[in-house]
$ cat final14.txt   # compact mmCIF, N, CA and C atoms and all ligand atoms
# COMPACT_ATOMS: atom_id res chain seq x y z
N MET A 48 12.09 -138.56 -166.85
CA MET A 48 10.62 -138.45 -166.72
C MET A 48 10.03 -139.85 -166.67
N SER A 49 9.73 -140.33 -165.47
CA SER A 49 9.36 -141.73 -165.31
C SER A 49 8.00 -142.06 -165.95
N ASP A 50 7.12 -141.05 -166.09
CA ASP A 50 5.80 -141.34 -166.65
C ASP A 50 5.73 -141.08 -168.15
N CYS A 51 6.84 -140.69 -168.76
CA CYS A 51 6.85 -140.41 -170.20
C CYS A 51 7.00 -141.72 -170.97
N VAL A 52 6.09 -141.97 -171.90
CA VAL A 52 6.09 -143.24 -172.61
C VAL A 52 7.37 -143.41 -173.45
N PHE A 53 7.87 -142.33 -174.04
CA PHE A 53 9.08 -142.48 -174.86
C PHE A 53 10.32 -142.62 -173.98
N CYS A 54 10.34 -142.00 -172.79
CA CYS A 54 11.44 -142.27 -171.85
C CYS A 54 11.44 -143.75 -171.46
N GLN A 55 10.25 -144.31 -171.29
CA GLN A 55 10.17 -145.73 -170.93
C GLN A 55 10.62 -146.62 -172.09
N ILE A 56 10.36 -146.19 -173.31
CA ILE A 56 10.88 -146.92 -174.48
C ILE A 56 12.40 -146.82 -174.50
N VAL A 57 12.92 -145.61 -174.31
CA VAL A 57 14.38 -145.41 -174.30
C VAL A 57 15.03 -146.31 -173.25
N ASN A 58 14.40 -146.38 -172.07
CA ASN A 58 14.98 -147.16 -170.97
C ASN A 58 14.67 -148.65 -171.05
N GLY A 59 13.90 -149.04 -172.07
CA GLY A 59 13.57 -150.46 -172.24
C GLY A 59 12.52 -150.97 -171.27
N ARG A 60 11.82 -150.05 -170.60
CA ARG A 60 10.79 -150.50 -169.65
C ARG A 60 9.50 -150.88 -170.35
N ILE A 61 9.26 -150.29 -171.54
CA ILE A 61 8.17 -150.81 -172.36
C ILE A 61 8.76 -151.15 -173.73
N PRO A 62 8.18 -152.17 -174.39
CA PRO A 62 8.81 -152.68 -175.60
C PRO A 62 8.66 -151.74 -176.80
N SER A 63 9.62 -151.85 -177.70
CA SER A 63 9.51 -151.12 -178.97
C SER A 63 10.24 -151.96 -180.01
N ILE A 64 9.87 -151.73 -181.26
CA ILE A 64 10.57 -152.38 -182.36
C ILE A 64 11.53 -151.34 -182.93
N ARG A 65 12.81 -151.49 -182.58
CA ARG A 65 13.82 -150.48 -182.92
C ARG A 65 14.45 -150.79 -184.27
N VAL A 66 14.71 -149.73 -185.02
CA VAL A 66 15.43 -149.92 -186.28
C VAL A 66 16.80 -149.26 -186.24
N TYR A 67 17.04 -148.39 -185.26
CA TYR A 67 18.33 -147.71 -185.18
C TYR A 67 18.50 -147.16 -183.76
N GLU A 68 19.75 -147.15 -183.27
CA GLU A 68 20.03 -146.41 -182.04
C GLU A 68 21.49 -146.02 -181.98
N ASP A 69 21.74 -144.88 -181.35
CA ASP A 69 23.11 -144.45 -181.07
C ASP A 69 23.10 -143.76 -179.71
N ALA A 70 24.14 -143.02 -179.39
CA ALA A 70 24.25 -142.44 -178.05
C ALA A 70 23.17 -141.41 -177.76
N ASP A 71 22.64 -140.78 -178.80
CA ASP A 71 21.70 -139.67 -178.60
C ASP A 71 20.28 -139.93 -179.08
N PHE A 72 20.12 -140.88 -180.00
CA PHE A 72 18.82 -141.07 -180.65
C PHE A 72 18.42 -142.54 -180.67
N ILE A 73 17.11 -142.78 -180.66
CA ILE A 73 16.63 -144.09 -181.08
C ILE A 73 15.53 -143.88 -182.12
N VAL A 74 15.38 -144.88 -182.96
CA VAL A 74 14.34 -144.85 -183.99
C VAL A 74 13.57 -146.15 -183.87
N PHE A 75 12.25 -146.03 -183.75
CA PHE A 75 11.42 -147.24 -183.57
C PHE A 75 10.13 -147.09 -184.36
N MET A 76 9.47 -148.25 -184.56
CA MET A 76 8.25 -148.26 -185.36
C MET A 76 7.10 -147.66 -184.57
N ASP A 77 6.33 -146.79 -185.25
CA ASP A 77 5.13 -146.23 -184.63
C ASP A 77 4.06 -147.33 -184.54
N ILE A 78 3.41 -147.43 -183.38
CA ILE A 78 2.41 -148.50 -183.21
C ILE A 78 1.06 -148.15 -183.84
N ASN A 79 0.91 -146.92 -184.32
CA ASN A 79 -0.30 -146.52 -185.07
C ASN A 79 0.14 -145.91 -186.40
N PRO A 80 0.72 -146.72 -187.27
CA PRO A 80 1.36 -146.15 -188.45
C PRO A 80 0.37 -145.50 -189.42
N ILE A 81 0.75 -144.34 -189.93
CA ILE A 81 -0.05 -143.68 -190.97
C ILE A 81 0.12 -144.43 -192.29
N THR A 82 1.33 -144.91 -192.55
CA THR A 82 1.58 -145.81 -193.68
C THR A 82 2.54 -146.90 -193.18
N THR A 83 2.66 -147.98 -193.95
CA THR A 83 3.60 -149.04 -193.61
C THR A 83 5.02 -148.48 -193.63
N GLY A 84 5.74 -148.66 -192.52
CA GLY A 84 7.11 -148.15 -192.42
C GLY A 84 7.24 -146.89 -191.60
N HIS A 85 6.10 -146.32 -191.20
CA HIS A 85 6.09 -145.10 -190.36
C HIS A 85 6.90 -145.36 -189.09
N CYS A 86 7.94 -144.59 -188.88
CA CYS A 86 8.73 -144.74 -187.66
C CYS A 86 9.01 -143.38 -187.04
N LEU A 87 9.52 -143.43 -185.83
CA LEU A 87 9.73 -142.22 -185.03
C LEU A 87 11.19 -142.11 -184.64
N LEU A 88 11.78 -140.97 -184.96
CA LEU A 88 13.15 -140.68 -184.55
C LEU A 88 13.04 -139.85 -183.27
N THR A 89 13.62 -140.38 -182.19
CA THR A 89 13.42 -139.79 -180.87
C THR A 89 14.76 -139.57 -180.19
N THR A 90 14.82 -138.53 -179.38
CA THR A 90 16.02 -138.29 -178.57
C THR A 90 16.01 -139.19 -177.34
N ARG A 91 17.20 -139.61 -176.91
CA ARG A 91 17.26 -140.37 -175.65
C ARG A 91 16.88 -139.46 -174.48
N GLY A 92 17.34 -138.22 -174.53
CA GLY A 92 17.01 -137.28 -173.47
C GLY A 92 15.57 -136.79 -173.59
N HIS A 93 15.01 -136.37 -172.47
CA HIS A 93 13.61 -135.90 -172.47
C HIS A 93 13.55 -134.40 -172.73
N TYR A 94 13.12 -134.03 -173.94
CA TYR A 94 12.89 -132.63 -174.30
C TYR A 94 11.48 -132.58 -174.86
N PRO A 95 10.58 -131.85 -174.24
CA PRO A 95 9.18 -131.90 -174.69
C PRO A 95 8.97 -131.48 -176.14
N THR A 96 9.60 -130.38 -176.55
CA THR A 96 9.36 -129.86 -177.91
C THR A 96 10.69 -129.41 -178.53
N THR A 97 10.63 -129.01 -179.79
CA THR A 97 11.81 -128.45 -180.46
C THR A 97 12.35 -127.23 -179.71
N SER A 98 11.46 -126.44 -179.14
CA SER A 98 11.90 -125.24 -178.40
C SER A 98 12.74 -125.60 -177.19
N ASP A 99 12.59 -126.80 -176.66
CA ASP A 99 13.32 -127.22 -175.45
C ASP A 99 14.61 -127.97 -175.77
N ALA A 100 14.74 -128.46 -176.99
CA ALA A 100 15.87 -129.34 -177.31
C ALA A 100 17.13 -128.53 -177.63
N PRO A 101 18.31 -129.04 -177.25
CA PRO A 101 19.56 -128.32 -177.55
C PRO A 101 19.81 -128.23 -179.06
N ASP A 102 20.38 -127.10 -179.48
CA ASP A 102 20.61 -126.87 -180.91
C ASP A 102 21.50 -127.93 -181.53
N ASP A 103 22.55 -128.36 -180.80
CA ASP A 103 23.48 -129.32 -181.40
C ASP A 103 22.80 -130.67 -181.65
N LEU A 104 21.87 -131.02 -180.77
CA LEU A 104 21.13 -132.26 -180.95
C LEU A 104 20.21 -132.15 -182.17
N LEU A 105 19.52 -131.04 -182.27
CA LEU A 105 18.63 -130.82 -183.41
C LEU A 105 19.42 -130.80 -184.72
N ALA A 106 20.63 -130.26 -184.66
CA ALA A 106 21.46 -130.20 -185.87
C ALA A 106 21.85 -131.59 -186.35
N ARG A 107 21.93 -132.54 -185.44
CA ARG A 107 22.27 -133.91 -185.84
C ARG A 107 21.03 -134.72 -186.25
N ALA A 108 19.87 -134.25 -185.84
CA ALA A 108 18.65 -135.03 -186.09
C ALA A 108 18.29 -135.08 -187.58
N LEU A 109 18.45 -133.96 -188.28
CA LEU A 109 17.98 -133.95 -189.68
C LEU A 109 18.84 -134.82 -190.60
N PRO A 110 20.19 -134.76 -190.48
CA PRO A 110 20.97 -135.71 -191.29
C PRO A 110 20.64 -137.17 -190.97
N LEU A 111 20.35 -137.45 -189.70
CA LEU A 111 19.97 -138.82 -189.34
C LEU A 111 18.61 -139.17 -189.95
N ALA A 112 17.68 -138.23 -189.91
CA ALA A 112 16.37 -138.46 -190.53
C ALA A 112 16.52 -138.73 -192.02
N LYS A 113 17.43 -138.01 -192.66
CA LYS A 113 17.69 -138.22 -194.10
C LYS A 113 18.15 -139.66 -194.36
N LYS A 114 19.09 -140.13 -193.53
CA LYS A 114 19.61 -141.50 -193.68
C LYS A 114 18.50 -142.52 -193.42
N LEU A 115 17.75 -142.30 -192.35
CA LEU A 115 16.67 -143.23 -192.01
C LEU A 115 15.60 -143.25 -193.09
N ALA A 116 15.23 -142.07 -193.59
CA ALA A 116 14.17 -141.99 -194.59
C ALA A 116 14.55 -142.76 -195.84
N GLN A 117 15.83 -142.70 -196.21
CA GLN A 117 16.31 -143.44 -197.37
C GLN A 117 16.11 -144.94 -197.15
N ALA A 118 16.50 -145.41 -195.95
CA ALA A 118 16.36 -146.83 -195.63
C ALA A 118 14.89 -147.24 -195.55
N VAL A 119 14.07 -146.38 -194.99
CA VAL A 119 12.64 -146.67 -194.89
C VAL A 119 12.04 -146.78 -196.28
N MET A 120 12.37 -145.84 -197.15
CA MET A 120 11.79 -145.85 -198.50
C MET A 120 12.17 -147.11 -199.26
N ILE A 121 13.45 -147.47 -199.17
CA ILE A 121 13.89 -148.70 -199.86
C ILE A 121 13.24 -149.91 -199.20
N GLY A 122 13.19 -149.88 -197.86
CA GLY A 122 12.65 -151.02 -197.10
C GLY A 122 11.20 -151.33 -197.41
N VAL A 123 10.41 -150.31 -197.70
CA VAL A 123 8.98 -150.56 -197.95
C VAL A 123 8.59 -150.27 -199.40
N GLY A 124 9.58 -149.87 -200.23
CA GLY A 124 9.27 -149.60 -201.64
C GLY A 124 8.48 -148.33 -201.85
N ALA A 125 8.80 -147.29 -201.07
CA ALA A 125 8.08 -146.03 -201.21
C ALA A 125 8.82 -145.10 -202.17
N GLU A 126 8.10 -144.07 -202.64
CA GLU A 126 8.70 -143.13 -203.59
C GLU A 126 8.90 -141.74 -203.00
N GLY A 127 8.38 -141.52 -201.82
CA GLY A 127 8.52 -140.23 -201.16
C GLY A 127 8.34 -140.42 -199.67
N PHE A 128 8.52 -139.36 -198.94
CA PHE A 128 8.30 -139.45 -197.48
C PHE A 128 7.97 -138.08 -196.92
N ASN A 129 7.25 -138.09 -195.82
CA ASN A 129 7.02 -136.88 -195.03
C ASN A 129 7.82 -136.96 -193.75
N LEU A 130 8.41 -135.83 -193.38
CA LEU A 130 8.96 -135.66 -192.04
C LEU A 130 8.01 -134.72 -191.32
N ILE A 131 7.42 -135.20 -190.24
CA ILE A 131 6.45 -134.38 -189.51
C ILE A 131 6.88 -134.31 -188.05
N GLN A 132 6.81 -133.12 -187.50
CA GLN A 132 7.28 -132.94 -186.13
C GLN A 132 6.31 -131.99 -185.44
N ASN A 133 5.54 -132.52 -184.51
CA ASN A 133 4.47 -131.76 -183.85
C ASN A 133 4.99 -131.13 -182.56
N ASN A 134 4.59 -129.91 -182.30
CA ASN A 134 5.02 -129.20 -181.09
C ASN A 134 3.81 -128.58 -180.41
N GLY A 135 3.41 -129.17 -179.29
CA GLY A 135 2.29 -128.63 -178.53
C GLY A 135 0.96 -129.25 -178.94
N ARG A 136 0.00 -129.21 -178.01
CA ARG A 136 -1.32 -129.81 -178.26
C ARG A 136 -2.01 -129.18 -179.47
N MET A 137 -1.83 -127.86 -179.63
CA MET A 137 -2.51 -127.19 -180.76
C MET A 137 -1.97 -127.67 -182.10
N ALA A 138 -0.77 -128.26 -182.06
CA ALA A 138 -0.16 -128.79 -183.28
C ALA A 138 -0.33 -130.30 -183.39
N GLY A 139 -1.12 -130.88 -182.47
CA GLY A 139 -1.39 -132.31 -182.54
C GLY A 139 -0.40 -133.19 -181.82
N GLN A 140 0.49 -132.58 -181.00
CA GLN A 140 1.46 -133.41 -180.27
C GLN A 140 0.75 -134.15 -179.14
N LEU A 141 0.94 -135.47 -179.11
CA LEU A 141 0.32 -136.31 -178.07
C LEU A 141 1.34 -136.79 -177.06
N VAL A 142 2.57 -136.99 -177.50
CA VAL A 142 3.63 -137.48 -176.60
C VAL A 142 4.64 -136.34 -176.42
N ASP A 143 4.78 -135.89 -175.18
CA ASP A 143 5.59 -134.69 -174.90
C ASP A 143 7.07 -135.04 -174.72
N HIS A 144 7.61 -135.69 -175.71
CA HIS A 144 9.03 -136.06 -175.75
C HIS A 144 9.42 -135.91 -177.21
N TRP A 145 10.39 -135.07 -177.50
CA TRP A 145 10.71 -134.69 -178.88
C TRP A 145 10.81 -135.92 -179.79
N HIS A 146 10.15 -135.85 -180.92
CA HIS A 146 10.25 -136.93 -181.91
C HIS A 146 9.87 -136.40 -183.28
N LEU A 147 10.42 -137.06 -184.27
CA LEU A 147 10.18 -136.72 -185.67
C LEU A 147 9.57 -137.94 -186.35
N HIS A 148 8.41 -137.73 -186.96
CA HIS A 148 7.77 -138.82 -187.70
C HIS A 148 8.43 -138.95 -189.08
N ILE A 149 8.80 -140.18 -189.43
CA ILE A 149 9.28 -140.48 -190.79
C ILE A 149 8.21 -141.35 -191.43
N ILE A 150 7.54 -140.79 -192.43
CA ILE A 150 6.34 -141.45 -192.99
C ILE A 150 6.55 -141.66 -194.48
N PRO A 151 6.80 -142.92 -194.87
CA PRO A 151 7.01 -143.18 -196.30
C PRO A 151 5.69 -143.07 -197.07
N ARG A 152 5.80 -142.68 -198.33
CA ARG A 152 4.61 -142.47 -199.17
C ARG A 152 4.75 -143.20 -200.49
N LYS A 153 3.70 -143.96 -200.82
CA LYS A 153 3.66 -144.68 -202.10
C LYS A 153 2.57 -144.15 -202.99
N ASP A 154 1.56 -143.57 -202.37
CA ASP A 154 0.32 -143.32 -203.08
C ASP A 154 -0.22 -141.95 -202.64
N LYS A 155 -0.44 -141.07 -203.61
CA LYS A 155 -0.95 -139.74 -203.26
C LYS A 155 -2.30 -139.81 -202.55
N ALA A 156 -3.06 -140.88 -202.82
CA ALA A 156 -4.36 -141.02 -202.20
C ALA A 156 -4.26 -141.19 -200.68
N GLU A 157 -3.05 -141.58 -200.22
CA GLU A 157 -2.85 -141.73 -198.76
C GLU A 157 -2.81 -140.38 -198.07
N LEU A 158 -2.59 -139.33 -198.85
CA LEU A 158 -2.29 -138.04 -198.22
C LEU A 158 -3.52 -137.47 -197.51
N PRO A 159 -3.43 -137.37 -196.17
CA PRO A 159 -4.52 -136.75 -195.44
C PRO A 159 -4.26 -135.27 -195.19
N LEU A 160 -3.11 -134.75 -195.74
CA LEU A 160 -2.71 -133.40 -195.37
C LEU A 160 -3.65 -132.36 -195.99
N LYS A 161 -4.04 -131.40 -195.17
CA LYS A 161 -4.92 -130.34 -195.64
C LYS A 161 -4.13 -129.39 -196.54
N THR A 162 -4.70 -129.06 -197.68
CA THR A 162 -4.02 -128.09 -198.54
C THR A 162 -4.38 -126.68 -198.09
N GLY A 163 -3.50 -125.72 -198.38
CA GLY A 163 -3.72 -124.35 -197.96
C GLY A 163 -4.72 -123.62 -198.85
N GLU A 164 -5.13 -122.43 -198.35
CA GLU A 164 -5.99 -121.54 -199.13
C GLU A 164 -5.11 -120.42 -199.67
N PRO A 165 -5.49 -119.79 -200.79
CA PRO A 165 -4.71 -118.65 -201.28
C PRO A 165 -4.57 -117.57 -200.20
N ALA A 166 -3.36 -117.00 -200.09
CA ALA A 166 -3.10 -116.00 -199.05
C ALA A 166 -3.86 -114.71 -199.32
N ASP A 167 -4.17 -113.99 -198.24
CA ASP A 167 -4.73 -112.64 -198.33
C ASP A 167 -3.55 -111.67 -198.37
N PHE A 168 -3.26 -111.11 -199.56
CA PHE A 168 -2.05 -110.28 -199.71
C PHE A 168 -2.19 -108.90 -199.08
N THR A 169 -3.38 -108.56 -198.58
CA THR A 169 -3.48 -107.31 -197.80
C THR A 169 -2.97 -107.55 -196.38
N LYS A 170 -2.92 -108.81 -195.96
CA LYS A 170 -2.49 -109.13 -194.58
C LYS A 170 -1.11 -109.76 -194.52
N LEU A 171 -0.71 -110.44 -195.61
CA LEU A 171 0.51 -111.25 -195.56
C LEU A 171 1.76 -110.45 -195.16
N PRO A 172 1.96 -109.22 -195.68
CA PRO A 172 3.16 -108.46 -195.27
C PRO A 172 3.17 -108.17 -193.78
N PHE A 173 2.01 -107.97 -193.16
CA PHE A 173 1.96 -107.66 -191.72
C PHE A 173 2.25 -108.90 -190.88
N VAL A 174 1.80 -110.03 -191.37
CA VAL A 174 2.15 -111.29 -190.69
C VAL A 174 3.66 -111.48 -190.73
N ALA A 175 4.25 -111.23 -191.90
CA ALA A 175 5.71 -111.35 -192.04
C ALA A 175 6.42 -110.36 -191.13
N ASP A 176 5.91 -109.13 -191.02
CA ASP A 176 6.50 -108.12 -190.11
C ASP A 176 6.48 -108.61 -188.67
N ASN A 177 5.36 -109.21 -188.25
CA ASN A 177 5.24 -109.70 -186.87
C ASN A 177 6.25 -110.81 -186.60
N ILE A 178 6.51 -111.63 -187.61
CA ILE A 178 7.50 -112.70 -187.44
C ILE A 178 8.90 -112.10 -187.38
N ARG A 179 9.24 -111.22 -188.35
CA ARG A 179 10.58 -110.61 -188.39
C ARG A 179 10.91 -109.89 -187.10
N SER A 180 9.93 -109.21 -186.53
CA SER A 180 10.21 -108.40 -185.34
C SER A 180 10.44 -109.28 -184.10
N ASN A 181 10.22 -110.57 -184.23
CA ASN A 181 10.45 -111.47 -183.10
C ASN A 181 11.64 -112.38 -183.29
N LEU A 182 12.38 -112.15 -184.39
CA LEU A 182 13.58 -112.99 -184.60
C LEU A 182 14.74 -112.50 -183.74
P1 LIG B 201 2.61 -137.03 -181.76
O1 LIG B 201 1.16 -136.72 -182.03
O2 LIG B 201 3.52 -136.32 -182.72
O3 LIG B 201 2.97 -136.77 -180.32
O4 LIG B 201 2.77 -138.56 -182.08
C1 LIG B 201 2.96 -139.54 -181.13
C2 LIG B 201 3.11 -140.85 -181.87
O5 LIG B 201 3.61 -141.81 -180.96
C3 LIG B 201 1.80 -141.40 -182.42
O6 LIG B 201 1.93 -141.59 -183.83
C4 LIG B 201 1.63 -142.72 -181.70
O7 LIG B 201 1.09 -143.72 -182.51
C5 LIG B 201 3.05 -143.04 -181.28
N1 LIG B 201 3.18 -143.90 -180.11
C6 LIG B 201 2.59 -143.71 -178.91
N2 LIG B 201 2.96 -144.69 -178.05
C7 LIG B 201 3.81 -145.49 -178.74
C8 LIG B 201 4.53 -146.67 -178.42
N3 LIG B 201 4.46 -147.24 -177.20
N4 LIG B 201 5.31 -147.24 -179.36
C9 LIG B 201 5.39 -146.68 -180.60
N5 LIG B 201 4.73 -145.56 -180.97
C10 LIG B 201 3.95 -144.97 -180.06
$ encode --input "final14.txt" --output "structure tokens"
Amino acid sequence: MSDCVFCQIVNGRIPSIRVYEDADFIVFMDINPITTGHCLLTTRGHYPTTSDAPDDLLARALPLAKKLAQAVMIGVGAEGFNLIQNNGRMAGQLVDHWHLHIIPRKDKAELPLKTGEPADFTKLPFVADNIRSNL
């Protein structure tokens, strides 16, 4: 995908600050970091979302994220981290090339994440039924 920004990073056509690479993945610093140390674990191949990516590749991504997150936390002195992976515009995905955000956390005040509301238990079983029937 010649117009994909992450394909261009993978191919070295636009610069990135890389912290890791192997035959299938590269990891580079996000240029709009949510916290210091925020980096992106990306596939070399172009897969727009998790739904498009091969299972074996996805199976290798999480152990790699675990290793990277450990290094990121030590590297910036963080005590926790978020792994965030957006799929589709409705989920906030801006770059249509599979990637996982590794976001180290030092301070709860940094958390911009919206907390949930108590579930409506008259509806929750039906939501679960709709999910189960599509597995
Ligand atoms: P998402 O909303 O999950 O698609 O996130 C895309 C992320 O890619 C954002 O956090 C951007 O800051 C980041 N990003 C976009 N272009 C670049 C780039 N050239 N180098 C590093 N990070 C980038």
$ closest_residue --input "final14.txt" --among "A:Pro172, A:Pro80, A:Pro110, A:Gly122" --to "ligand LIG 201 (chain B)" --atoms "all atoms listed in the file"
A:Pro80
$ atom_distance --input "final14.txt" --atom1 "atom CA of Leu130 of chain A" --atom2 "atom CA of Ser98 of chain A"
17.4 Å
$ atom_distance --input "final14.txt" --atom1 "atom CA of Asp143 of chain A" --atom2 "atom N of Thr83 of chain A"
23.4 Å
$ closest_residue --input "final14.txt" --among "A:Phe53, A:Arg91, A:Cys86, A:Thr97" --to "His148 of chain A" --atoms "all atoms listed in the file"
A:Cys86
$ residues_near_ligand --input "final14.txt" --ligand "ligand LIG 201 (chain B)" --cutoff "6 Å" --atoms "all atoms listed in the file" --output "JSON, numbers by chain"
{"A": [63, 76, 77, 78, 79, 80, 132, 133, 139, 140, 141, 142, 143]}
$ axis_aligned_box --input "final14.txt" --around "segment 91-99 of chain A" --padding-each-side "4 Å" --output "lines of an AutoDock Vina configuration file"
center_x = 13.2
center_y = -132.8
center_z = -176.5
size_x = 16.4
size_y = 23.1
size_z = 16.0
$ atom_distance --input "final14.txt" --atom1 "atom CA of Gly124 of chain A" --atom2 "atom N of Ile64 of chain A"
20.5 Å
$ closest_residue --input "final14.txt" --among "A:Asp154, A:Asn134, A:Asn129, A:Ala166" --to "His85 of chain A" --atoms "only C-alpha atoms"
A:Asn129
$ select_by_dssp --input "final14.txt" --residues "segment 49-156 of chain A" --states "helix (DSSP H, G or I)" --output "number ranges by chain"
A: 52-57, 102-123, 136-138, 155-156
$ closest_residue --input "final14.txt" --among "A:Ser49, A:Asn58, A:Thr162, A:Thr82" --to "Ile149 of chain A" --atoms "only N, CA and C atoms"
A:Thr82
$ residues_around --input "final14.txt" --residues "Gly127 of chain A" --least-positions-apart "4" --cutoff "10 Å" --atoms "only C-alpha atoms" --output "PyMOL selection string"
chain A and resi 116-117+119-120+150-155
$ residues_around --input "final14.txt" --residues "His93 of chain A" --least-positions-apart "6" --cutoff "12 Å" --atoms "only C-alpha atoms" --output "ChimeraX atom specification"
/A:48-58,71-72,99-101,104,142-146
